[in-house]
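Undergrad: Dumping the structure here so I can ask a few things about it.
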Amino acid sequence: MNKQILFMVGCFAVLFTFNSCKEEIKGCTDSTSSNFNPDATVDDGSCNGSNGTGTGDYPAGYSKADYTELFHKVYGGSGNNDDELTSGMVTDASGNTYFSLNTNNAAANNNILIGKISSSGNLEWAKEWDGNYDDISPDSGENGETGGTANSISIDASGNIYVVGKNASVSQNNINSILILKINPSDGSILWEKIWKHEWPAAGGSHLARMNAEGYGIDASGDYVYVTGANGQNMIPLVALNKSTGAMFFEMTIDIVAGTKDRGYVLKADGSGNVFIGGVTGSYAHLTKVSGANTATPSLAWVKQVEIGYGSRINGIDIDGTDVYLSCDRRGATTYFSLVKMNSDGVVQWGQTFPGTNGDRNNIHCVKVIGNSVYAGGRTGQQSLDTQLGDGLFTKLSKADGSLEWSAIYFTGTNSAEVAEHRIKGISVVGSDVYIVGQVYGGNGNYDKFYGDWITKSVTLESYSPSVTDLTASGTTDPADGEVRDAVGTYSDANSSYVLQDATSKTTAKAPDGDLFISKMNLK
């Protein structure tokens, strides 16, 4: 009998040891939450309505926004201190999302990565374009804080995808050509790949600084693909390519203020022969209109200086056939999330600013006109939220008067292990579904908290109506030595280290880490 008792005790001891070594199960441990996991042993902060602590609490005045999230995923590598810097996105009628980003790899030259995510949240394909040296869609902020502009990717009526960037000609990466890619949406294959300069070196000659050209904005409209950017003579190029072949239809350079840095960051065609270009001239924002862009002899209609502040710029444009909507990147010691509507003559109709804290955490990155509403996205710093890195901001305004219809902030928490910067870079609506793509960055202390909740509170927008000044500028068609050539590079499947996964599963062995995120939701 004693031996039997000892044996039973020993068995309990063995069982206890095995149970104590059992693998942790992460999940929501809050029994009051709708996604409570009774098997979870470690709370991972995923409880619906929580800020990452599993308590279901938000800062005072905030509540969970009225929406249903269908999925929230991140795409990128992890654990290697390399960042995937998000540029923009477009969607087709079936809800497939096409995105572009810059790979920021310290061990190699940077590449442009283009991918497709299905409406159900699956990665269909991902491809990298790799020239001999750096290839990126340049950031309109010009400091590498994110990828290219939201207008650096476009989709035509047939669903073909177009991406613009710059292709370095020399190992120093300081002399570039404008890179334009046309991509088959079905499998991601290249349909054509082109580079453009306003001046090419003579045979055997050297690449000189004046020969530099960089592409920022692209729009496929009608029979043409329009691109803009900057060149080494501080002028703004406007180049139109035949959509089918990539052959040059016309080229034009615009010199707004002689001797100052003029750049076109974004552009949009209205389908009636007009192209609107936004950017910077010197240190001030401009909006430029070119007419006759559906002919071989376009002309400069007008240039407006939009007084949104020294060092500020227009970094996003959309149009509805009658009016022009501007994403106004207002910079300085304090930054602002501001949106302005102008008519086709450059007269301000209304302007709005989403209020934020003092400092540089307020940025607007994209604007999209859909139906009777204007959608805008970016980043915000709010007093009781994440003022360290900033939270993603998504707004929906009335197209008629700019009144606020819906807004939400993507909040992950406030302590060092929870803060995650979110910047919204693209918005689309397909049926009742809203697709949002942006950039998430975990910072130095966050290894595994790349998700949160869309939260909201009552907000009063600040009316903002900048003054507009007419500028005299010159437009010169057909630069003497401008030419489109075939691009030379490697286009292949993206590195297998890039992974699309649920945001709640994202971890990184080494901070910081930046990735692309995609959210699909229904607004209520």
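Ordering of the structure tokens sets the chain letters (A, B, ...); residue numbers start at 1 within each chain; ligands are numbered from 1 in the order shown.
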Just asking: which residues within region 96-306 of chain A are helix (DSSP H, G or I) according to DSSP, as a PyMOL selection string?
TA: chain A and resi 150-152+209-211
Undergrad: Using the selection just defined, write its residues with N, CA, C and O atoms as an mmCIF file, in the first residue's frame.
TA:
data_model
loop_
_atom_site.group_PDB
_atom_site.id
_atom_site.type_symbol
_atom_site.label_atom_id
_atom_site.label_comp_id
_atom_site.auth_asym_id
_atom_site.auth_seq_id
_atom_site.Cartn_x
_atom_site.Cartn_y
_atom_site.Cartn_z
ATOM 1 N N ALA A 150 1.282 59.382 -52.000
ATOM 2 C CA ALA A 150 0.112 58.545 -52.272
ATOM 3 C C ALA A 150 -0.205 58.510 -53.759
ATOM 4 O O ALA A 150 -0.858 57.575 -54.236
ATOM 5 N N ASN A 151 0.253 59.509 -54.523
ATOM 6 C CA ASN A 151 0.023 59.573 -55.968
ATOM 7 C C ASN A 151 1.164 58.967 -56.772
ATOM 8 O O ASN A 151 1.271 59.195 -57.971
ATOM 9 N N SER A 152 2.023 58.159 -56.128
ATOM 10 C CA SER A 152 3.123 57.521 -56.855
ATOM 11 C C SER A 152 2.718 56.177 -57.449
ATOM 12 O O SER A 152 3.539 55.494 -58.069
ATOM 13 N N ALA A 209 25.295 66.563 -62.570
ATOM 14 C CA ALA A 209 24.190 66.878 -61.662
ATOM 15 C C ALA A 209 22.993 67.451 -62.398
ATOM 16 O O ALA A 209 21.850 67.187 -62.030
ATOM 17 N N ARG A 210 23.236 68.221 -63.447
ATOM 18 C CA ARG A 210 22.127 68.836 -64.169
ATOM 19 C C ARG A 210 21.276 67.798 -64.906
ATOM 20 O O ARG A 210 20.165 68.085 -65.343
ATOM 21 N N MET A 211 21.795 66.572 -65.034
ATOM 22 C CA MET A 211 21.078 65.512 -65.736
ATOM 23 C C MET A 211 20.174 64.708 -64.809
ATOM 24 O O MET A 211 19.505 63.769 -65.262
#
Undergrad: Listing only residues of region 403-495 of chain A within 12 Å of region 277-285 of chain A, what is the closest atom pair and its distance in Å (to one decimal) for each, using only C-alpha atoms, sorted by chain and residue number ascending, as a Markdown table?
TA:
| residue | atom | partner | partner_atom | distance |
| --- | --- | --- | --- | --- |
| A:Pro466 | CA | A:Ala285 | CA | 10.9 |
| A:Ser467 | CA | A:Ala285 | CA | 11.4 |
| A:Val468 | CA | A:Ala285 | CA | 9.9 |
| A:Thr469 | CA | A:Ala285 | CA | 10.6 |
| A:Leu471 | CA | A:Thr281 | CA | 10.3 |
| A:Thr472 | CA | A:Thr281 | CA | 12.0 |
| A:Ala473 | CA | A:Thr281 | CA | 10.7 |
Undergrad: Between CA of Thr395 (chain A) and CA of Leu101 (chain A), what is the spacing in Å?
TA: 23.0 Å
Undergrad: Just to confirm, what's the straight-line distance from CA of Gly445 (chain A) to CA of Phe99 (chain A) in Å (one decimal)?
TA: 27.8 Å
Undergrad: Run DSSP on the backbone and grab whatever in region 356-413 of chain A lands in strand (DSSP E); send it over as a PyMOL selection string.
TA: chain A and resi 363-370+373-380+391-398+404-411
Undergrad: Neighbours of Ala480 (chain A) within 10 Å (only C-alpha atoms; same-chain residues fewer than 4 positions away dropped), as a list of chain:residue names?
TA: A:His198, A:Glu199, A:Thr476
Undergrad: Find the distance between CA of Thr477 (chain A) and CA of Gly264 (chain A) and write it in Å to one decimal.
TA: 16.1 Å
Undergrad: Please provide as an MDAnalysis selection string all residues within 10 Å of Tyr162 (chain A), with the sequence filter that same-chain residues fewer than 3 positions apart are discarded (counting only C-alpha atoms).
TA: chainID A and resid 100 114 152:156 159 180:185 190:193 218:220 225 243
